[in-house]
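J.: Data: run23.cif, mmCIF, C-alpha atoms.
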```cif
data_work
loop_
_atom_site.group_PDB
_atom_site.id
_atom_site.type_symbol
_atom_site.label_atom_id
_atom_site.label_comp_id
_atom_site.auth_asym_id
_atom_site.auth_seq_id
_atom_site.Cartn_x
_atom_site.Cartn_y
_atom_site.Cartn_z
ATOM 1 C CA MET J 1 16.851 79.443 41.156
ATOM 2 C CA GLU J 2 19.999 81.433 41.576
ATOM 3 C CA LEU J 3 21.250 83.888 38.978
ATOM 4 C CA LEU J 4 23.981 81.559 37.706
ATOM 5 C CA SER J 5 21.387 78.859 36.976
ATOM 6 C CA PHE J 6 19.991 80.996 34.166
ATOM 7 C CA VAL J 7 23.269 81.235 32.235
ATOM 8 C CA PRO J 8 23.397 77.529 31.210
ATOM 9 C CA ILE J 9 19.672 77.666 30.438
ATOM 10 C CA ALA J 10 20.232 80.707 28.207
ATOM 11 C CA LEU J 11 23.190 78.983 26.550
ATOM 12 C CA GLY J 12 21.090 75.904 25.901
ATOM 13 C CA LEU J 13 18.305 77.981 24.385
ATOM 14 C CA SER J 14 20.740 79.881 22.182
ATOM 15 C CA LEU J 15 22.414 76.829 20.630
ATOM 16 C CA ASP J 16 19.652 76.494 18.023
ATOM 17 C CA SER J 17 20.274 80.129 17.099
ATOM 18 C CA LEU J 18 24.005 79.437 16.906
ATOM 19 C CA ALA J 19 23.481 76.494 14.533
ATOM 20 C CA ILE J 20 21.042 78.394 12.279
ATOM 21 C CA ALA J 21 23.281 81.469 12.207
ATOM 22 C CA ALA J 22 26.378 79.363 11.474
ATOM 23 C CA SER J 23 24.589 77.755 8.544
ATOM 24 C CA ALA J 24 23.543 81.135 7.178
ATOM 25 C CA GLY J 25 26.975 82.616 7.873
ATOM 26 C CA SER J 26 28.674 79.812 5.956
ATOM 27 C CA MET J 27 26.729 80.773 2.834
ATOM 28 C CA ALA J 28 26.990 84.545 3.181
ATOM 29 C CA THR J 29 29.541 86.457 1.179
ATOM 30 C CA ARG J 30 30.064 89.277 3.657
ATOM 31 C CA LEU J 31 28.197 90.482 6.734
ATOM 32 C CA SER J 32 28.602 94.031 8.007
ATOM 33 C CA GLN J 33 28.779 94.776 11.725
ATOM 34 C CA ARG J 34 25.411 96.489 11.429
ATOM 35 C CA ARG J 35 23.849 93.377 9.878
ATOM 36 C CA LEU J 36 25.405 91.143 12.559
ATOM 37 C CA LEU J 37 23.849 93.314 15.281
ATOM 38 C CA GLN J 38 20.464 93.396 13.520
ATOM 39 C CA VAL J 39 20.256 89.630 13.130
ATOM 40 C CA GLY J 40 21.588 89.007 16.648
ATOM 41 C CA GLY J 41 19.078 91.479 18.066
ATOM 42 C CA MET J 42 16.231 89.856 16.163
ATOM 43 C CA PHE J 43 17.084 86.361 17.430
ATOM 44 C CA GLY J 44 17.610 87.627 20.995
ATOM 45 C CA ALA J 45 14.314 89.539 20.974
ATOM 46 C CA VAL J 46 12.370 86.524 19.712
ATOM 47 C CA GLN J 47 13.958 84.347 22.423
ATOM 48 C CA VAL J 48 12.779 86.851 25.049
ATOM 49 C CA ALA J 49 9.258 87.058 23.582
ATOM 50 C CA MET J 50 8.933 83.258 23.569
ATOM 51 C CA LEU J 51 10.282 83.014 27.128
ATOM 52 C CA LEU J 52 7.758 85.612 28.332
ATOM 53 C CA LEU J 53 4.898 83.828 26.577
ATOM 54 C CA GLY J 54 5.868 80.535 28.212
ATOM 55 C CA TRP J 55 6.269 82.208 31.615
ATOM 56 C CA TRP J 56 2.780 83.674 31.383
ATOM 57 C CA LEU J 57 1.303 80.315 30.335
ATOM 58 C CA GLY J 58 3.197 78.520 33.105
ATOM 59 C CA GLY J 59 1.935 81.005 35.681
ATOM 60 C CA GLU J 60 -1.633 80.376 34.559
ATOM 61 C CA LEU J 61 -1.098 76.615 34.767
ATOM 62 C CA SER J 62 0.697 76.679 38.148
ATOM 63 C CA ARG J 63 -2.498 76.623 40.202
ATOM 64 C CA ASN J 64 -3.489 73.325 38.579
ATOM 65 C CA VAL J 65 -0.220 71.459 39.154
ATOM 66 C CA GLU J 66 0.726 72.683 42.616
ATOM 67 C CA GLY J 67 2.522 69.962 44.543
ATOM 68 C CA TYR J 68 3.917 68.130 41.549
ATOM 69 C CA GLU J 69 5.194 71.040 39.461
ATOM 70 C CA HIS J 70 8.758 69.675 39.752
ATOM 71 C CA TRP J 71 7.660 66.642 37.707
ATOM 72 C CA VAL J 72 6.113 68.900 35.065
ATOM 73 C CA VAL J 73 9.260 71.049 34.945
ATOM 74 C CA CYS J 74 11.480 67.962 34.638
ATOM 75 C CA VAL J 75 9.354 66.665 31.764
ATOM 76 C CA LEU J 76 9.458 70.081 30.027
ATOM 77 C CA PHE J 77 13.248 70.344 30.284
ATOM 78 C CA ALA J 78 13.818 66.701 29.319
ATOM 79 C CA GLY J 79 11.353 67.052 26.433
ATOM 80 C CA VAL J 80 13.155 70.096 25.058
ATOM 81 C CA GLY J 81 16.487 68.277 25.450
ATOM 82 C CA ALA J 82 15.244 65.119 23.728
ATOM 83 C CA LYS J 83 13.778 67.199 20.885
ATOM 84 C CA MET J 84 17.098 68.971 20.343
ATOM 85 C CA ILE J 85 18.982 65.663 20.227
ATOM 86 C CA LYS J 86 16.384 64.166 17.845
ATOM 87 C CA ASP J 87 16.623 67.252 15.627
ATOM 88 C CA SER J 88 20.369 66.742 15.289
ATOM 89 C CA PHE J 89 19.730 63.346 13.666
ATOM 90 C CA SER J 90 17.166 64.683 11.211
ATOM 91 C CA ALA J 91 19.426 67.653 10.387
ATOM 92 C CA ARG J 92 22.113 65.241 9.139
ATOM 93 C CA LYS J 93 19.715 63.862 6.562
ATOM 94 C CA LYS J 94 18.687 67.288 5.293
ATOM 95 C CA THR J 95 21.426 69.409 3.828
ATOM 96 C CA ARG J 96 20.660 72.670 2.154
ATOM 97 C CA ASP J 97 22.476 73.921 -0.866
ATOM 98 C CA GLU J 98 20.363 77.029 -1.316
ATOM 99 C CA PRO J 99 21.291 80.066 0.793
ATOM 100 C CA VAL J 100 19.548 80.618 4.103
ATOM 101 C CA SER J 101 18.341 84.177 4.467
ATOM 102 C CA LEU J 102 18.163 85.714 7.924
ATOM 103 C CA TYR J 103 16.407 88.803 6.645
ATOM 104 C CA GLY J 104 12.739 89.578 6.263
ATOM 105 C CA ALA J 105 10.071 86.940 6.735
ATOM 106 C CA GLN J 106 12.480 83.988 6.494
ATOM 107 C CA GLY J 107 14.690 85.492 9.200
ATOM 108 C CA TRP J 108 11.739 85.999 11.541
ATOM 109 C CA ALA J 109 10.500 82.465 10.860
ATOM 110 C CA LEU J 110 13.933 80.985 11.573
ATOM 111 C CA SER J 111 14.319 83.013 14.772
ATOM 112 C CA ALA J 112 10.864 81.825 15.895
ATOM 113 C CA ALA J 113 11.817 78.222 15.129
ATOM 114 C CA ALA J 114 15.010 78.649 17.140
ATOM 115 C CA GLY J 115 13.096 80.296 19.973
ATOM 116 C CA VAL J 116 10.188 77.876 20.313
ATOM 117 C CA ASP J 117 12.007 75.909 23.032
ATOM 118 C CA ALA J 118 11.965 79.058 25.157
ATOM 119 C CA ILE J 119 8.186 78.692 25.514
ATOM 120 C CA ALA J 120 8.645 75.426 27.423
ATOM 121 C CA ILE J 121 11.477 76.823 29.535
ATOM 122 C CA GLY J 122 9.483 79.981 30.280
ATOM 123 C CA GLY J 123 6.564 77.761 31.218
ATOM 124 C CA ALA J 124 8.760 75.924 33.709
ATOM 125 C CA LEU J 125 9.813 79.235 35.263
ATOM 126 C CA GLY J 126 6.196 80.366 35.382
ATOM 127 C CA LEU J 127 5.146 77.181 37.169
ATOM 128 C CA TYR J 128 7.452 78.124 40.020
ATOM 129 C CA ARG J 129 6.251 81.743 39.817
ATOM 130 C CA LEU J 130 9.831 82.915 39.517
ATOM 131 C CA PRO J 131 10.590 86.520 38.554
ATOM 132 C CA ILE J 132 11.150 86.767 34.817
ATOM 133 C CA ALA J 133 12.902 90.121 34.279
ATOM 134 C CA LEU J 134 16.485 88.995 34.921
ATOM 135 C CA PRO J 135 16.161 85.647 33.095
ATOM 136 C CA SER J 136 14.703 87.522 30.114
ATOM 137 C CA VAL J 137 17.657 89.909 29.980
ATOM 138 C CA ILE J 138 20.135 87.021 30.269
ATOM 139 C CA VAL J 139 18.356 84.952 27.597
ATOM 140 C CA GLY J 140 18.108 87.949 25.247
ATOM 141 C CA ILE J 141 21.755 88.959 25.567
ATOM 142 C CA ILE J 142 23.147 85.436 25.317
ATOM 143 C CA GLY J 143 20.772 84.626 22.435
ATOM 144 C CA ALA J 144 21.919 87.694 20.520
ATOM 145 C CA LEU J 145 25.601 87.039 21.222
ATOM 146 C CA MET J 146 25.427 83.355 20.265
ATOM 147 C CA THR J 147 23.670 84.291 17.017
ATOM 148 C CA ILE J 148 26.449 86.735 16.196
ATOM 149 C CA VAL J 149 29.072 84.124 17.113
ATOM 150 C CA GLY J 150 27.304 81.628 14.837
ATOM 151 C CA LEU J 151 27.292 84.058 11.925
ATOM 152 C CA VAL J 152 30.988 84.823 12.366
ATOM 153 C CA LEU J 153 32.017 81.174 12.861
ATOM 154 C CA GLY J 154 29.913 80.081 9.910
ATOM 155 C CA GLY J 155 31.553 82.704 7.753
ATOM 156 C CA MET J 156 34.996 81.541 8.847
ATOM 157 C CA MET J 157 34.370 77.805 8.533
ATOM 158 C CA LYS J 158 32.110 77.670 5.457
ATOM 159 C CA ARG J 159 29.753 74.691 5.352
ATOM 160 C CA VAL J 160 30.812 73.000 8.577
ATOM 161 C CA HIS J 161 27.817 71.391 10.256
ATOM 162 C CA PHE J 162 27.074 72.553 13.772
ATOM 163 C CA LEU J 163 25.031 69.492 14.792
ATOM 164 C CA TRP J 164 27.003 69.228 18.022
ATOM 165 C CA ALA J 165 25.147 72.334 19.200
ATOM 166 C CA ASN J 166 21.831 70.455 19.323
ATOM 167 C CA TRP J 167 23.442 67.560 21.199
ATOM 168 C CA THR J 168 25.047 69.865 23.731
ATOM 169 C CA GLY J 169 21.871 71.865 24.302
ATOM 170 C CA GLY J 170 19.773 68.713 24.562
ATOM 171 C CA LEU J 171 22.018 67.097 27.146
ATOM 172 C CA LEU J 172 22.186 70.363 29.092
ATOM 173 C CA PHE J 173 18.385 70.623 29.311
ATOM 174 C CA ILE J 174 17.976 66.992 30.333
ATOM 175 C CA ALA J 175 20.568 67.501 33.092
ATOM 176 C CA VAL J 176 18.834 70.656 34.357
ATOM 177 C CA GLY J 177 15.472 68.866 34.389
ATOM 178 C CA ILE J 178 16.893 65.955 36.389
ATOM 179 C CA ARG J 179 18.621 68.361 38.774
ATOM 180 C CA ILE J 180 15.347 70.180 39.450
ATOM 181 C CA LEU J 181 13.525 66.906 40.022
ATOM 182 C CA LEU J 182 16.186 65.531 42.379
ATOM 183 C CA TYR J 183 16.244 68.790 44.326
ATOM 184 C CA HIS J 184 12.521 68.535 45.051
ATOM 185 C CA LEU J 185 12.278 64.826 45.798
ATOM 186 C CA PRO J 186 12.408 63.828 49.480
#
```
Would you mind giving the structure from this file in structure tokens?
T.:
Amino acid sequence: MELLSFVPIALGLSLDSLAIAASAGSMATRLSQRRLLQVGGMFGAVQVAMLLLGWWLGGELSRNVEGYEHWVVCVLFAGVGAKMIKDSFSARKKTRDEPVSLYGAQGWALSAAAGVDAIAIGGALGLYRLPIALPSVIVGIIGALMTIVGLVLGGMMKRVHFLWANWTGGLLFIAVGIRILLYHLP
């Protein structure tokens, strides 16, 4: 995969962080620059950790699926995309009136929930035995930036739902999965 292929993947992974941060930002009274950087760094770091875990697992699995790894990768990407789209429907039914805290244990739990998709994407990269250093840096930076953007936008828009983020990310992952599959089919 070329370098530019990782940017849309990182954007897709970070859209959950954007939506969670926007929700929290819409309920916050004021966020300092220091707090924005802390929360963004936390979400970006968790995205990287999840990506690395998936990459390691994918590398271990690669010996068992050699020859049809493109099918496995397509299913992983499409599965993550379908899950994100499905989550956007269930998010409409659940609205929260209590504040969402991005600090302490709740913040770490929310960043892990936002980053769980990175395990599957990292696994796909590991199946192909691709280098992980550059994708990790890209995912971490974009994840942190999108979290900060979400906090700021949420603070500006107050209680606007960011369900479109799950749709966009889901469609992006499905498209990437299909592209990978079509590239490898004869």
J.: Go through J:Ala114, J:Ala82, J:Ala21, J:Val46 one by one, measure the shortest atom-to-atom distance of each to Gly140 (chain J) using all atoms listed in the file, and give the residue with the smallest value.
T.: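 Result for the nearest residue to Gly140 (chain J): J:Val46.
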J.: From the list J:Phe43, J:Trp71, J:Phe6, J:Phe77, which residue is nearest Tyr183 (chain J) when using all atoms listed in the file?
T.: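 Looking at the shortest contact to Tyr183 (chain J), the residue is J:Trp71.
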J.: Counting all atoms listed in the file, what is within 8 Å of Gln47 (chain J), bar same-chain residues fewer than 6 positions away, as a PyMOL selection string?
T.: chain J and resi 13+111-112+114-116+118+139-140+143
J.: Near Gly81 (chain J), counting only C-alpha atoms, which residues have an atom at most 6 Å away, once you skip same-chain residues fewer than 2 positions from it, shown as an MDAnalysis selection string?
T.: chainID J and resid 78:79 83:84 170:171 173:174
J.: Under the rule that all atoms listed in the file are counted, which of J:Gly40, J:Leu76, J:Trp56, J:Glu69 is the nearest residue to Leu185 (chain J)?
T.: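 Among J:Gly40, J:Leu76, J:Trp56, J:Glu69, it is J:Glu69 that comes nearest to Leu185 (chain J).
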J.: Which residues, named as in the file, does the PyMOL selection byres ((chain J and resi 147-155) around 8) pick out? Answer as an NGL selection string.
T.: :J and (14 or 17-30 or 36-37 or 39-40 or 43-44 or 143-146 or 156-160)
J.: Where does the PyMOL selection byres ((chain J and resi 131) around 12) land in this file, that is, which residues does it pick, as a short mmCIF file (atom, residue, chain, number, x, y, z; two decimals) with C-alpha atoms, keeping the file's coordinate frame?
T.:
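Output below, filename selection14.cif:
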```
data_model
loop_
_atom_site.label_atom_id
_atom_site.label_comp_id
_atom_site.auth_asym_id
_atom_site.auth_seq_id
_atom_site.Cartn_x
_atom_site.Cartn_y
_atom_site.Cartn_z
CA MET J 1 16.85 79.44 41.16
CA GLU J 2 20.00 81.43 41.58
CA LEU J 3 21.25 83.89 38.98
CA PHE J 6 19.99 81.00 34.17
CA LEU J 51 10.28 83.01 27.13
CA LEU J 52 7.76 85.61 28.33
CA TRP J 55 6.27 82.21 31.62
CA TRP J 56 2.78 83.67 31.38
CA GLY J 59 1.94 81.00 35.68
CA GLY J 122 9.48 79.98 30.28
CA ALA J 124 8.76 75.92 33.71
CA LEU J 125 9.81 79.24 35.26
CA GLY J 126 6.20 80.37 35.38
CA LEU J 127 5.15 77.18 37.17
CA TYR J 128 7.45 78.12 40.02
CA ARG J 129 6.25 81.74 39.82
CA LEU J 130 9.83 82.92 39.52
CA ILE J 132 11.15 86.77 34.82
CA ALA J 133 12.90 90.12 34.28
CA LEU J 134 16.48 89.00 34.92
CA PRO J 135 16.16 85.65 33.10
CA SER J 136 14.70 87.52 30.11
CA VAL J 137 17.66 89.91 29.98
#
```
J.: My list of candidates is J:Phe89, J:Ile141, J:Ala113, J:His70. Which is closest to Leu182 (chain J) when distances are computed with only C-alpha atoms?
T.: J:His70
J.: Which value, in Å to one decimal, gives the distance between CA of Ile9 (chain J) and CA of Ala175 (chain J)?
T.: 10.5 Å
J.: Find, counting only C-alpha atoms, the residue in J:Val7, J:Ile142, J:Cys74, J:Ile119 that gets nearest to Met50 (chain J).
T.: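 Selected residue with least distance to Met50 (chain J): J:Ile119.
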J.: Would you compute the box with edges along x, y and z of the file around region 101-110 of chain J, including every atom the file lists for it and 5 Å extra on each side, and give its centre and edge lengths in Å to one decimal, as JSON?
T.:
```
{"center_x": 14.2, "center_y": 85.3, "center_z": 8.0, "size_x": 18.3, "size_y": 18.6, "size_z": 17.1}
```
J.: Mind giving me the straight-line distance from CA of Ala10 (chain J) to CA of Asn64 (chain J) in Å, one decimal?
T.: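 Here the two named atoms are 26.9 Å from each other.
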J.: Expressed in Å to a single decimal, how great is the separation between CA of Ser5 (chain J) and CA of Ile178 (chain J)?
T.: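 These two atoms are separated by 13.7 Å.
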